[in-house]
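As stored in coords35.cif (mmCIF, C-alpha atoms and all ligand atoms):
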data_input
#
loop_
_atom_site.label_atom_id
_atom_site.label_comp_id
_atom_site.auth_asym_id
_atom_site.auth_seq_id
_atom_site.Cartn_x
_atom_site.Cartn_y
_atom_site.Cartn_z
CA MET H 1 97.02 168.44 -48.56
CA SER H 2 93.82 169.70 -50.12
CA GLY H 3 90.69 170.03 -47.95
CA LEU H 4 89.00 167.16 -49.77
CA GLY H 5 92.07 164.95 -49.32
CA ASP H 6 92.03 165.61 -45.56
CA LEU H 7 88.37 164.75 -45.43
CA GLU H 8 88.88 161.52 -47.38
CA ARG H 9 91.50 160.43 -44.87
CA GLU H 10 89.27 161.29 -41.90
CA VAL H 11 86.28 159.46 -43.37
CA MET H 12 88.44 156.38 -43.97
CA ALA H 13 89.67 156.58 -40.39
CA GLN H 14 86.05 156.59 -39.15
CA LEU H 15 85.18 153.54 -41.25
CA TRP H 16 88.28 151.69 -40.05
CA ASP H 17 87.69 152.57 -36.40
CA ALA H 18 84.01 151.60 -36.54
CA GLY H 19 84.80 148.11 -37.76
CA GLU H 20 81.29 147.79 -39.21
CA PRO H 21 79.51 149.39 -42.18
CA LEU H 22 78.27 152.92 -41.45
CA THR H 23 75.54 155.06 -43.01
CA VAL H 24 76.34 158.53 -44.31
CA ARG H 25 74.57 159.95 -41.25
CA GLN H 26 76.67 157.87 -38.86
CA VAL H 27 79.90 158.99 -40.56
CA HIS H 28 78.65 162.57 -40.47
CA GLU H 29 77.94 162.33 -36.73
CA ARG H 30 81.30 160.75 -35.97
CA LEU H 31 83.26 163.46 -37.73
CA ASP H 32 83.71 166.53 -35.55
CA PRO H 33 80.17 167.98 -35.65
CA ALA H 34 81.39 171.38 -34.47
CA ARG H 35 83.09 172.19 -37.77
CA GLY H 36 79.80 172.58 -39.59
CA LEU H 37 80.45 169.90 -42.17
CA ALA H 38 77.53 169.49 -44.58
CA TYR H 39 75.85 166.08 -44.81
CA THR H 40 76.08 166.23 -48.60
CA THR H 41 79.83 166.80 -48.39
CA VAL H 42 80.24 163.57 -46.42
CA MET H 43 78.08 161.81 -49.00
CA THR H 44 80.24 163.17 -51.83
CA VAL H 45 83.42 162.03 -50.11
CA LEU H 46 82.06 158.51 -49.53
CA ASP H 47 80.99 158.39 -53.16
CA ARG H 48 84.46 159.42 -54.33
CA LEU H 49 86.08 156.79 -52.11
CA ALA H 50 83.71 154.14 -53.49
CA LYS H 51 84.64 155.15 -57.06
CA LYS H 52 88.30 154.77 -56.17
CA GLY H 53 87.61 151.25 -54.94
CA VAL H 54 88.69 151.69 -51.32
CA VAL H 55 85.12 151.76 -49.96
CA THR H 56 82.13 149.52 -50.80
CA GLN H 57 78.51 150.51 -50.70
CA GLN H 58 75.98 147.97 -49.42
CA LYS H 59 72.25 148.31 -49.14
CA ALA H 60 70.79 147.01 -45.87
CA ASP H 61 67.55 147.93 -44.07
CA ARG H 62 66.63 150.41 -46.82
CA ALA H 63 69.79 152.43 -46.14
CA TYR H 64 73.16 152.54 -47.87
CA ARG H 65 76.02 151.58 -45.63
CA TYR H 66 79.67 152.09 -46.40
CA ALA H 67 82.64 149.96 -45.38
CA ALA H 68 86.34 149.99 -46.16
CA THR H 69 87.31 147.26 -48.64
CA GLN H 70 90.46 146.49 -46.64
CA THR H 71 91.46 147.01 -43.02
CA ARG H 72 94.06 149.70 -42.39
CA GLU H 73 96.68 147.00 -41.80
CA GLU H 74 95.80 145.15 -45.00
CA MET H 75 95.96 148.33 -47.04
CA THR H 76 99.30 149.33 -45.49
CA ALA H 77 100.71 145.87 -46.17
CA ALA H 78 99.45 145.90 -49.77
CA LEU H 79 100.95 149.32 -50.43
CA MET H 80 104.30 148.39 -48.89
CA PHE H 81 104.41 145.14 -50.77
CA ASP H 82 103.69 146.87 -54.07
CA ALA H 83 106.30 149.52 -53.31
CA LEU H 84 109.05 147.22 -52.14
CA SER H 85 108.81 144.07 -54.21
CA ALA H 86 110.45 143.89 -57.62
CA ALA H 87 108.53 144.75 -60.80
CA PRO H 88 106.15 141.96 -61.82
CA ASP H 89 107.72 141.47 -65.27
CA GLY H 90 111.22 141.65 -63.84
CA ALA H 91 112.74 142.30 -67.25
CA ALA H 92 112.80 146.07 -67.11
CA ARG H 93 113.32 148.37 -64.17
CA ASP H 94 110.01 149.87 -63.19
CA ALA H 95 110.17 153.62 -63.62
CA ALA H 96 107.02 154.42 -61.63
CA LEU H 97 108.60 154.88 -58.19
CA ALA H 98 112.06 155.90 -56.99
CA HIS H 99 113.40 154.20 -53.87
CA PHE H 100 115.97 155.56 -51.48
CA VAL H 101 117.69 152.19 -51.49
CA GLY H 102 117.12 149.18 -53.72
CA ARG H 103 114.04 147.10 -53.31
CA VAL H 104 113.88 143.58 -51.96
CA GLY H 105 114.56 140.59 -54.20
CA PRO H 106 112.26 137.59 -54.76
CA ASP H 107 113.44 135.81 -51.58
CA GLY H 108 113.18 139.03 -49.63
CA ALA H 109 109.68 139.68 -50.97
CA ALA H 110 108.49 136.30 -49.70
CA ALA H 111 110.05 136.92 -46.29
CA LEU H 112 108.59 140.42 -46.27
CA ALA H 113 105.10 139.14 -47.09
CA ALA H 114 105.32 136.69 -44.19
CA ALA H 115 106.59 139.41 -41.84
CA LEU H 116 103.79 141.79 -42.86
CA LYS H 117 101.17 139.09 -42.35
CA ALA H 118 102.54 138.35 -38.90
CA ALA H 119 102.60 142.06 -38.06
CA ALA H 120 98.98 142.50 -39.18
CA GLY H 121 97.99 139.52 -37.02
CA ASP H 122 99.64 141.07 -33.94
CA ARG H 123 97.23 143.98 -33.75
CA MET J 1 129.04 152.40 -97.96
CA THR J 2 127.10 154.91 -95.84
CA ALA J 3 124.66 152.19 -94.74
CA LEU J 4 127.52 149.86 -93.73
CA LEU J 5 129.29 152.57 -91.75
CA LEU J 6 126.08 153.67 -90.03
CA GLY J 7 125.27 150.04 -89.25
CA ALA J 8 128.69 149.44 -87.76
CA LEU J 9 128.40 152.62 -85.70
CA GLY J 10 124.91 151.71 -84.53
CA LEU J 11 125.97 148.22 -83.44
CA THR J 12 129.05 149.65 -81.71
CA LEU J 13 126.89 152.14 -79.80
CA SER J 14 124.24 149.64 -78.80
CA LEU J 15 126.30 146.50 -78.17
CA ILE J 16 129.95 147.40 -77.52
CA VAL J 17 129.92 150.78 -75.78
CA PRO J 18 127.37 150.08 -72.95
CA GLY J 19 129.44 147.40 -71.15
CA PRO J 20 132.66 149.37 -70.62
CA LEU J 21 130.75 152.62 -70.04
CA ALA J 22 128.64 150.98 -67.33
CA ARG J 23 131.77 149.61 -65.63
CA ALA J 24 133.86 152.80 -65.91
CA ARG J 25 134.87 154.33 -62.60
CA TRP J 26 135.20 157.95 -63.73
CA THR J 27 131.42 158.19 -64.15
CA ALA J 28 131.11 158.51 -60.35
CA ARG J 29 132.81 161.91 -60.58
CA ALA J 30 130.48 163.26 -63.28
CA PRO J 31 127.07 161.61 -62.87
CA GLY J 32 125.05 164.35 -64.58
CA ALA J 33 127.27 164.49 -67.67
CA THR J 34 127.35 160.70 -67.86
CA VAL J 35 123.54 160.54 -67.92
CA VAL J 36 123.65 162.94 -70.90
CA LEU J 37 126.31 160.72 -72.51
CA TRP J 38 124.03 157.67 -72.13
CA GLN J 39 121.18 159.64 -73.68
CA SER J 40 123.40 160.66 -76.57
CA VAL J 41 124.66 157.08 -77.14
CA THR J 42 121.11 155.71 -77.08
CA LEU J 43 119.66 158.37 -79.36
CA ALA J 44 122.59 158.05 -81.79
CA ALA J 45 122.04 154.28 -81.99
CA VAL J 46 118.39 154.87 -82.94
CA LEU J 47 119.41 157.45 -85.54
CA CYS J 48 121.96 155.00 -86.97
CA ALA J 49 119.28 152.32 -87.28
CA LEU J 50 117.04 154.78 -89.12
CA GLY J 51 119.99 155.83 -91.30
CA VAL J 52 120.72 152.22 -92.30
CA VAL J 53 117.09 151.60 -93.20
CA LEU J 54 116.94 154.69 -95.42
CA ALA J 55 120.42 154.53 -96.96
CA ALA J 56 120.79 150.82 -97.71
CA PRO J 57 118.03 150.49 -100.39
CA GLU J 58 119.13 153.70 -102.08
CA GLU J 59 122.73 152.54 -102.25
CA LEU J 60 121.67 149.15 -103.64
CA VAL J 61 119.54 150.84 -106.28
CA ARG J 62 122.40 153.12 -107.26
CA ALA J 63 124.96 150.28 -107.35
CA HIS J 64 122.83 148.07 -109.55
CA GLY J 65 121.39 150.79 -111.74
CA ALA J 66 117.85 149.50 -111.29
CA ASP J 67 114.91 151.09 -113.08
CA GLN J 68 112.52 153.77 -111.83
CA THR J 69 109.78 151.37 -110.63
CA PHE J 70 112.17 149.37 -108.47
CA GLY J 71 113.55 152.62 -107.08
CA VAL J 72 110.09 153.78 -106.01
CA ALA J 73 109.35 150.40 -104.38
CA ALA J 74 112.65 150.50 -102.49
CA LEU J 75 111.95 154.03 -101.29
CA VAL J 76 108.47 153.10 -100.05
CA ALA J 77 109.79 149.99 -98.28
CA ALA J 78 112.57 151.99 -96.61
CA LEU J 79 110.18 154.67 -95.37
CA GLY J 80 107.82 151.94 -94.12
CA VAL J 81 110.49 150.23 -92.03
CA ALA J 82 111.68 153.57 -90.67
CA ALA J 83 108.11 154.43 -89.69
CA VAL J 84 107.74 151.06 -87.91
CA ILE J 85 110.86 151.78 -85.84
CA VAL J 86 109.64 155.26 -84.87
CA VAL J 87 106.09 154.10 -84.09
CA ARG J 88 107.37 151.19 -82.01
CA LEU J 89 109.46 153.60 -79.92
CA LEU J 90 106.56 156.02 -79.48
CA VAL J 91 104.13 153.25 -78.49
CA SER J 92 106.63 151.98 -75.94
CA VAL J 93 107.02 155.48 -74.47
CA GLY J 94 103.24 155.81 -74.25
CA LEU J 95 102.79 152.42 -72.59
CA VAL J 96 105.48 152.98 -69.98
CA ALA J 97 104.12 156.45 -69.20
CA TYR J 98 100.57 155.10 -68.89
CA ARG J 99 101.52 152.20 -66.60
CA SER J 100 103.58 154.51 -64.40
CA ARG J 101 100.72 156.99 -64.14
CA VAL J 102 98.25 154.29 -63.04
CA ARG J 103 100.62 152.84 -60.45
CA ARG J 104 101.54 156.27 -59.11
CA ALA J 105 97.90 157.36 -58.82
CA ARG J 106 97.17 154.26 -56.72
CA HIS J 107 100.20 154.92 -54.50
CA ARG J 108 99.28 158.55 -54.06
CA LEU J 109 95.72 157.68 -53.07
CA LEU J 110 96.64 154.96 -50.57
CA ALA J 111 99.53 156.92 -49.06
CA ASP J 112 97.24 159.92 -48.56
CA LEU J 113 94.56 157.78 -46.90
CA LEU J 114 97.04 155.93 -44.68
CA ASP J 115 99.14 158.94 -43.71
CA ALA J 116 99.82 158.71 -39.99
CA HIS J 117 101.13 162.27 -39.76
CA ALA J 118 97.85 163.89 -40.80
CA GLY J 119 98.86 166.40 -43.41
CA LEU J 120 102.03 167.60 -41.69
CA ASP J 121 103.47 168.42 -45.08
CA ASP J 122 102.11 168.72 -48.63
CA VAL J 123 104.39 166.03 -49.97
CA VAL J 124 105.57 163.76 -47.15
CA ARG J 125 103.44 160.80 -46.03
CA VAL J 126 104.23 158.50 -43.12
CA LEU J 127 102.97 154.91 -43.05
CA ASP J 128 102.53 152.68 -40.00
CA GLY J 129 104.88 149.75 -39.74
CA GLY J 130 108.31 148.99 -38.40
CA LEU J 131 110.07 148.08 -41.64
CA PRO J 132 112.31 151.04 -42.53
CA PHE J 133 111.90 152.28 -46.12
CA ALA J 134 111.61 155.49 -48.10
CA TYR J 135 110.51 156.11 -51.66
CA CYS J 136 108.99 158.80 -53.78
CA VAL J 137 106.02 158.88 -56.12
CA PRO J 138 106.98 161.29 -58.92
CA GLY J 139 104.55 163.27 -61.04
CA ARG J 140 102.82 166.62 -61.02
CA SER J 141 101.45 165.94 -57.55
CA PRO J 142 104.41 164.11 -56.02
CA ARG J 143 104.67 162.28 -52.69
CA ILE J 144 107.54 161.14 -50.51
CA VAL J 145 106.57 158.08 -48.49
CA LEU J 146 108.39 157.09 -45.30
CA SER J 147 107.57 154.42 -42.74
CA GLN J 148 107.39 154.86 -38.97
CA GLY J 149 110.29 152.40 -38.96
CA THR J 150 112.41 154.89 -40.92
CA LEU J 151 111.68 157.65 -38.40
CA ARG J 152 112.61 155.27 -35.58
CA VAL J 153 115.90 154.16 -37.14
CA LEU J 154 117.10 157.57 -38.39
CA ASP J 155 117.76 160.79 -36.47
CA THR J 156 116.46 164.19 -37.63
CA GLN J 157 119.54 165.04 -39.70
CA GLN J 158 119.46 161.69 -41.46
CA VAL J 159 115.74 161.99 -42.21
CA ALA J 160 116.42 165.48 -43.60
CA ALA J 161 119.12 164.01 -45.87
CA VAL J 162 116.75 161.29 -47.13
CA LEU J 163 114.04 163.89 -47.82
CA ALA J 164 116.53 166.11 -49.67
CA HIS J 165 117.55 163.10 -51.78
CA GLU J 166 113.93 162.33 -52.68
CA ARG J 167 113.11 165.99 -53.34
CA ALA J 168 116.06 166.13 -55.76
CA HIS J 169 114.56 163.19 -57.72
CA LEU J 170 111.19 164.93 -57.81
CA SER J 171 112.29 168.43 -58.76
CA ALA J 172 114.78 167.28 -61.43
CA ARG J 173 112.11 164.92 -62.87
CA HIS J 174 114.49 161.95 -62.84
CA ASP J 175 111.40 159.81 -63.44
CA VAL J 176 111.12 161.19 -66.99
CA VAL J 177 114.73 160.21 -67.73
CA MET J 178 114.20 156.75 -66.25
CA GLU J 179 110.94 156.28 -68.14
CA SER J 180 112.55 157.13 -71.47
CA PHE J 181 115.31 154.56 -70.95
CA THR J 182 112.78 151.95 -69.81
CA ALA J 183 110.64 152.64 -72.89
CA PHE J 184 113.67 152.37 -75.16
CA TYR J 185 114.74 149.10 -73.52
CA ARG J 186 111.28 147.61 -74.09
CA ALA J 187 111.10 148.79 -77.70
CA VAL J 188 114.39 147.22 -78.81
CA PRO J 189 114.18 143.59 -80.06
CA ALA J 190 115.65 141.14 -77.52
CA PRO J 191 118.94 140.19 -79.25
CA LEU J 192 119.96 143.82 -79.69
CA ARG J 193 119.03 145.26 -76.33
CA SER J 194 121.11 145.58 -73.22
CA ARG J 195 120.13 146.24 -69.60
CA ALA J 196 123.38 148.14 -69.05
CA PRO J 197 122.05 151.63 -69.91
CA LEU J 198 118.96 151.15 -67.71
CA ASP J 199 120.93 150.07 -64.64
CA ALA J 200 123.76 152.56 -65.23
CA VAL J 201 121.41 155.52 -65.60
CA HIS J 202 119.45 154.44 -62.53
CA ILE J 203 122.49 154.51 -60.29
CA LEU J 204 123.77 157.77 -61.82
CA LEU J 205 120.43 159.41 -60.98
CA GLU J 206 120.84 158.11 -57.41
CA ALA J 207 124.29 159.71 -57.35
CA LEU J 208 122.80 163.03 -58.55
CA ALA J 209 120.16 162.92 -55.80
CA ASP J 210 122.87 162.01 -53.26
CA ASP J 211 124.93 165.00 -54.40
CA ALA J 212 121.95 167.33 -53.95
CA ALA J 213 121.32 165.89 -50.46
CA ARG J 214 124.95 166.16 -49.34
CA ARG J 215 125.24 169.75 -50.56
CA ARG J 216 122.47 170.61 -48.10
CA HIS J 217 123.14 168.29 -45.17
CA GLY J 218 126.72 167.06 -45.54
CA ASN J 219 128.14 163.61 -46.30
CA GLY J 220 127.69 162.14 -42.82
CA PRO J 221 123.91 162.00 -42.34
CA LEU J 222 123.30 160.73 -45.88
CA ARG J 223 125.91 158.00 -45.53
CA GLU J 224 124.47 156.89 -42.19
CA ALA J 225 120.95 156.82 -43.65
CA LEU J 226 122.16 154.70 -46.58
CA GLN J 227 123.81 152.29 -44.17
CA ALA J 228 120.77 152.07 -41.93
CA LEU J 229 118.03 151.74 -44.56
CA GLY J 230 119.63 149.16 -46.83
CA GLY J 231 120.93 146.86 -44.13
CA PRO J 232 119.31 143.69 -42.82
CA VAL J 233 115.97 143.99 -41.01
CA GLY J 234 116.32 141.97 -37.83
CA ASP J 235 117.92 138.77 -39.09
CA LEU J 236 116.28 139.12 -42.53
CA GLU J 237 118.70 139.94 -45.37
CA LEU J 238 116.19 141.44 -47.82
CA GLU J 239 118.52 143.25 -50.18
CA PRO J 240 119.19 141.53 -53.53
CA HIS J 241 122.78 141.40 -54.81
CA ASP J 242 122.52 144.16 -57.42
CA ALA J 243 120.91 146.50 -54.89
CA ALA J 244 123.69 145.75 -52.40
CA ARG J 245 126.28 146.55 -55.07
CA GLU J 246 124.57 149.84 -55.93
CA ARG J 247 124.46 150.81 -52.27
CA ARG J 248 128.16 150.06 -51.82
CA TRP J 249 128.97 152.19 -54.88
CA ARG J 250 126.99 155.10 -53.41
CA LEU J 251 128.58 154.65 -49.97
CA ASP J 252 132.05 154.74 -51.59
CA ARG J 253 131.21 158.09 -53.20
CA LEU J 254 130.22 159.46 -49.78
CA ALA J 255 133.21 158.05 -47.90
CA PRO J 256 135.60 160.55 -46.28
CA GLY J 257 138.34 161.48 -48.76
CA ALA J 258 136.45 160.16 -51.78
CA PRO J 259 136.93 162.36 -54.86
CA GLY J 260 134.06 164.80 -55.42
CA THR J 261 132.48 165.79 -58.70
CA ASP J 262 134.87 166.99 -61.40
CA ALA J 263 133.81 169.98 -63.51
CA ARG J 264 136.52 169.52 -66.17
CA LEU J 265 135.73 165.84 -66.58
CA SER J 266 132.05 166.75 -66.92
CA ALA J 267 132.84 169.29 -69.65
CA ALA J 268 134.82 166.67 -71.57
CA ILE J 269 131.98 164.15 -71.29
CA TYR J 270 129.45 166.73 -72.53
CA ALA J 271 131.72 167.37 -75.53
CA VAL J 272 131.90 163.64 -76.32
CA ALA J 273 128.12 163.34 -75.97
CA ALA J 274 127.61 166.18 -78.45
CA ALA J 275 130.17 164.71 -80.86
CA ILE J 276 128.46 161.29 -80.86
CA LEU J 277 125.25 162.95 -82.01
CA VAL J 278 126.68 165.52 -84.42
CA LEU J 279 129.69 163.88 -86.10
CA PRO J 280 127.97 160.88 -87.76
CA THR J 281 125.34 163.23 -89.12
CA VAL J 282 127.89 165.62 -90.59
CA LEU J 283 130.36 163.01 -91.86
CA LEU J 284 128.00 160.30 -93.12
CA VAL J 285 124.40 161.41 -93.45
CA VAL J 286 124.86 164.81 -95.10
CA PRO J 287 127.15 163.52 -97.94
CA TRP J 288 124.77 160.58 -98.46
CA LEU J 289 121.74 162.89 -98.64
CA ASP J 290 123.62 164.93 -101.21
CA ARG J 291 124.15 161.85 -103.42
CA ALA J 292 120.73 160.35 -102.70
CA MET J 293 118.96 163.49 -103.89
CA HIS J 294 120.08 162.58 -107.41
CA THR J 295 119.17 158.89 -107.20
CA TRP J 296 115.83 158.81 -105.40
CA PRO J 297 112.86 159.20 -107.69
CA LEU J 298 111.69 162.42 -106.06
ZN ZN W 301 116.99 157.83 -54.93
#

Show this structure as structure tokens.
Amino acid sequence: MSGLGDLEREVMAQLWDAGEPLTVRQVHERLDPARGLAYTTVMTVLDRLAKKGVVTQQKADRAYRYAATQTREEMTAALMFDALSAAPDGAARDAALAHFVGRVGPDGAAALAAALKAAAGDR
Amino acid sequence: MTALLLGALGLTLSLIVPGPLARARWTARAPGATVVLWQSVTLAAVLCALGVVLAAPEELVRAHGADQTFGVAALVAALGVAAVIVVRLLVSVGLVAYRSRVRRARHRLLADLLDAHAGLDDVVRVLDGGLPFAYCVPGRSPRIVLSQGTLRVLDTQQVAAVLAHERAHLSARHDVVMESFTAFYRAVPAPLRSRAPLDAVHILLEALADDAARRRHGNGPLREALQALGGPVGDLELEPHDAARERRWRLDRLAPGAPGTDARLSAAIYAVAAAILVLPTVLLVVPWLDRAMHTWPL
């Protein structure tokens, strides 16, 4: 994985673990300070994540705070659901992803959604 | 006459051939060649449609001895319809490619962010969650996504077989083949199209990836992985009927004593695929072009 990709994942992990919106400085402090990461780099990464729609920026107390748009569990469930349920139009096989075994049908997708919801609630 | 023959051939290739070809059992022993045969059948059907559109007006003009003006109008109309067919196909290819790219980019991003194995590998991503599944996100920056559930259910050899299967899809760019058939399916008007090529090519590509995986890791681990990953999750039977049928077909190919791939059969299929593309052109289109050169107001 590229250096920036690693950093994006670590920044997301900090936001998820914090459970509340963080400022750039707070994210910077929570990432391993010993590796000499520049403040501006953290800002760039948060900006990129916001552009990609996985992080929101909110202004509070004259400072920008960043929060994940979904919890880790919600994002995992959404990704799995998109990967495993049948193509929305149903008419043509979706060529975007290749699965090791066939995906779940409409009944299975409903059951899967319920199971994922229950699993997310367990945590 | 040329237009009628091309039309009959085109309808045969698009409506009559797909059913029996999709059901044929010998395709399991030559999956790669059969994919090429499907490509040849599909492309030949498109060429026949174009041939009908171009030849029919010319033949009518010649038969009725119409004047120059009518001939020009017929030529323009024929070229217009042919252009519509080609543009419709190209637009469909573009749309399918665009939608795939968007969906893949989203999957790549989320899988990278959620990766529980922290950059263990450039391509493999592991997601939290007990439900066993494995899929790949093709493209120039591909990903293979597994769940923790998959790693729990499968042993190391079986995981290696699954990864080899997915890597075969990625390196052979099976996604491009699948996208072209999907685009073609969507471009054809509803009464003329058939799902058979789409589904048949899909399972043949699975067979090709299975063959690559078993060459590296043997039949056993791959078969066990297929049994474990497609089966019921707890007491939930999630697999739809067509997916269950595909999985059984793949398991049969991997069963002990099942016939392997057949090089001579493959060679014969390649020859048929080439003939389907070349023969109509040589026997019908070239003589027609020869005659048409004298009729068309060029
Ligand atoms: Zn596959």

Around region 4-10 of chain H, fit a box with edges along x, y and z, padding it by 3 Å on each side, then list its centre and edge lengths in Å to one decimal as AutoDock Vina command-line options.
--center_x 90.2 --center_y 163.8 --center_z -45.8 --size_x 9.7 --size_y 12.7 --size_z 13.9

Residues within 12 Å of Ala68 (chain H), only C-alpha atoms, excluding chain neighbours under 4 positions, as a list in words: Glu8, Arg9, Val11, Met12, Ala13, Gln14, Leu15, Trp16, Asp17, Ala18, Gly19, Glu20, Pro21, Leu22, Leu46, Leu49, Ala50, Lys52, Gly53, Val54, Val55, Thr56, Gln57, Gln58, Arg72, Glu73, Glu74 and Met75 of chain H; Leu113 of chain J

Could you dump the residues just selected with C-alpha atoms as a compact mmCIF listing (two decimals), in the frame of the given file?
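Written output follows (out_1.txt):
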# COMPACT_ATOMS: atom_id res chain seq x y z
CA GLU H 8 88.88 161.52 -47.38
CA ARG H 9 91.50 160.43 -44.87
CA VAL H 11 86.28 159.46 -43.37
CA MET H 12 88.44 156.38 -43.97
CA ALA H 13 89.67 156.58 -40.39
CA GLN H 14 86.05 156.59 -39.15
CA LEU H 15 85.18 153.54 -41.25
CA TRP H 16 88.28 151.69 -40.05
CA ASP H 17 87.69 152.57 -36.40
CA ALA H 18 84.01 151.60 -36.54
CA GLY H 19 84.80 148.11 -37.76
CA GLU H 20 81.29 147.79 -39.21
CA PRO H 21 79.51 149.39 -42.18
CA LEU H 22 78.27 152.92 -41.45
CA LEU H 46 82.06 158.51 -49.53
CA LEU H 49 86.08 156.79 -52.11
CA ALA H 50 83.71 154.14 -53.49
CA LYS H 52 88.30 154.77 -56.17
CA GLY H 53 87.61 151.25 -54.94
CA VAL H 54 88.69 151.69 -51.32
CA VAL H 55 85.12 151.76 -49.96
CA THR H 56 82.13 149.52 -50.80
CA GLN H 57 78.51 150.51 -50.70
CA GLN H 58 75.98 147.97 -49.42
CA ARG H 72 94.06 149.70 -42.39
CA GLU H 73 96.68 147.00 -41.80
CA GLU H 74 95.80 145.15 -45.00
CA MET H 75 95.96 148.33 -47.04
CA LEU J 113 94.56 157.78 -46.90

Write out as JSON lines the residues of chain J that have any atom within 10 Å of an atom of ligand ZN 301 (chain W), one row each with the nearest atom pair and its distance in Å to one decimal, counting only C-alpha atoms and all ligand atoms, sorted by chain and then rising number.
{"residue": "J:Ala134", "atom": "CA", "partner": "W:ZN301", "partner_atom": "ZN", "distance": 9.0}
{"residue": "J:Tyr135", "atom": "CA", "partner": "W:ZN301", "partner_atom": "ZN", "distance": 7.5}
{"residue": "J:Cys136", "atom": "CA", "partner": "W:ZN301", "partner_atom": "ZN", "distance": 8.1}
{"residue": "J:Val162", "atom": "CA", "partner": "W:ZN301", "partner_atom": "ZN", "distance": 8.5}
{"residue": "J:Leu163", "atom": "CA", "partner": "W:ZN301", "partner_atom": "ZN", "distance": 9.8}
{"residue": "J:Ala164", "atom": "CA", "partner": "W:ZN301", "partner_atom": "ZN", "distance": 9.8}
{"residue": "J:His165", "atom": "CA", "partner": "W:ZN301", "partner_atom": "ZN", "distance": 6.2}
{"residue": "J:Glu166", "atom": "CA", "partner": "W:ZN301", "partner_atom": "ZN", "distance": 5.9}
{"residue": "J:Arg167", "atom": "CA", "partner": "W:ZN301", "partner_atom": "ZN", "distance": 9.2}
{"residue": "J:Ala168", "atom": "CA", "partner": "W:ZN301", "partner_atom": "ZN", "distance": 8.4}
{"residue": "J:His169", "atom": "CA", "partner": "W:ZN301", "partner_atom": "ZN", "distance": 6.5}
{"residue": "J:Leu170", "atom": "CA", "partner": "W:ZN301", "partner_atom": "ZN", "distance": 9.6}
{"residue": "J:His174", "atom": "CA", "partner": "W:ZN301", "partner_atom": "ZN", "distance": 9.3}
{"residue": "J:His202", "atom": "CA", "partner": "W:ZN301", "partner_atom": "ZN", "distance": 8.7}
{"residue": "J:Ile203", "atom": "CA", "partner": "W:ZN301", "partner_atom": "ZN", "distance": 8.4}
{"residue": "J:Leu204", "atom": "CA", "partner": "W:ZN301", "partner_atom": "ZN", "distance": 9.7}
{"residue": "J:Leu205", "atom": "CA", "partner": "W:ZN301", "partner_atom": "ZN", "distance": 7.1}
{"residue": "J:Glu206", "atom": "CA", "partner": "W:ZN301", "partner_atom": "ZN", "distance": 4.6}
{"residue": "J:Ala207", "atom": "CA", "partner": "W:ZN301", "partner_atom": "ZN", "distance": 7.9}
{"residue": "J:Leu208", "atom": "CA", "partner": "W:ZN301", "partner_atom": "ZN", "distance": 8.6}
{"residue": "J:Ala209", "atom": "CA", "partner": "W:ZN301", "partner_atom": "ZN", "distance": 6.1}
{"residue": "J:Asp210", "atom": "CA", "partner": "W:ZN301", "partner_atom": "ZN", "distance": 7.4}

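Taking CA of Val35 (chain J) and CA of Val201 (chain J) as the two end points, the separation is 5.9 Å.
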
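Our summary of the geometry notes that CA of Gly10 (chain J) is positioned 5.0 Å from CA of Cys48 (chain J).
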
Using all atoms listed in the file, find the one residue out of J:Arg245, J:Pro280, J:Val272, J:Ala200 that sits nearest to Ala28 (chain J). J:Ala200

Would you mind putting N, CA, C and O atoms back on region 51-57 of chain H and writing the result as an mmCIF file, in the frame of the given file?
data_model
loop_
_atom_site.group_PDB
_atom_site.id
_atom_site.type_symbol
_atom_site.label_atom_id
_atom_site.label_comp_id
_atom_site.auth_asym_id
_atom_site.auth_seq_id
_atom_site.Cartn_x
_atom_site.Cartn_y
_atom_site.Cartn_z
ATOM 1 N N LYS H 51 84.187 155.161 -55.659
ATOM 2 C CA LYS H 51 84.640 155.150 -57.060
ATOM 3 C C LYS H 51 86.099 154.721 -57.159
ATOM 4 O O LYS H 51 86.515 154.089 -58.119
ATOM 5 N N LYS H 52 86.879 155.119 -56.145
ATOM 6 C CA LYS H 52 88.300 154.770 -56.170
ATOM 7 C C LYS H 52 88.548 153.350 -55.701
ATOM 8 O O LYS H 52 89.684 152.890 -55.678
ATOM 9 N N GLY H 53 87.493 152.658 -55.271
ATOM 10 C CA GLY H 53 87.610 151.250 -54.940
ATOM 11 C C GLY H 53 88.111 150.952 -53.537
ATOM 12 O O GLY H 53 88.412 149.807 -53.219
ATOM 13 N N VAL H 54 88.210 151.960 -52.675
ATOM 14 C CA VAL H 54 88.690 151.690 -51.320
ATOM 15 C C VAL H 54 87.532 151.544 -50.334
ATOM 16 O O VAL H 54 87.724 151.157 -49.186
ATOM 17 N N VAL H 55 86.315 151.862 -50.802
ATOM 18 C CA VAL H 55 85.120 151.760 -49.960
ATOM 19 C C VAL H 55 84.054 151.017 -50.765
ATOM 20 O O VAL H 55 83.968 151.187 -51.980
ATOM 21 N N THR H 56 83.264 150.155 -50.104
ATOM 22 C CA THR H 56 82.130 149.520 -50.800
ATOM 23 C C THR H 56 80.827 150.044 -50.223
ATOM 24 O O THR H 56 80.748 150.397 -49.050
ATOM 25 N N GLN H 57 79.834 150.051 -51.095
ATOM 26 C CA GLN H 57 78.510 150.510 -50.700
ATOM 27 C C GLN H 57 77.604 149.295 -50.642
ATOM 28 O O GLN H 57 77.566 148.509 -51.579
#
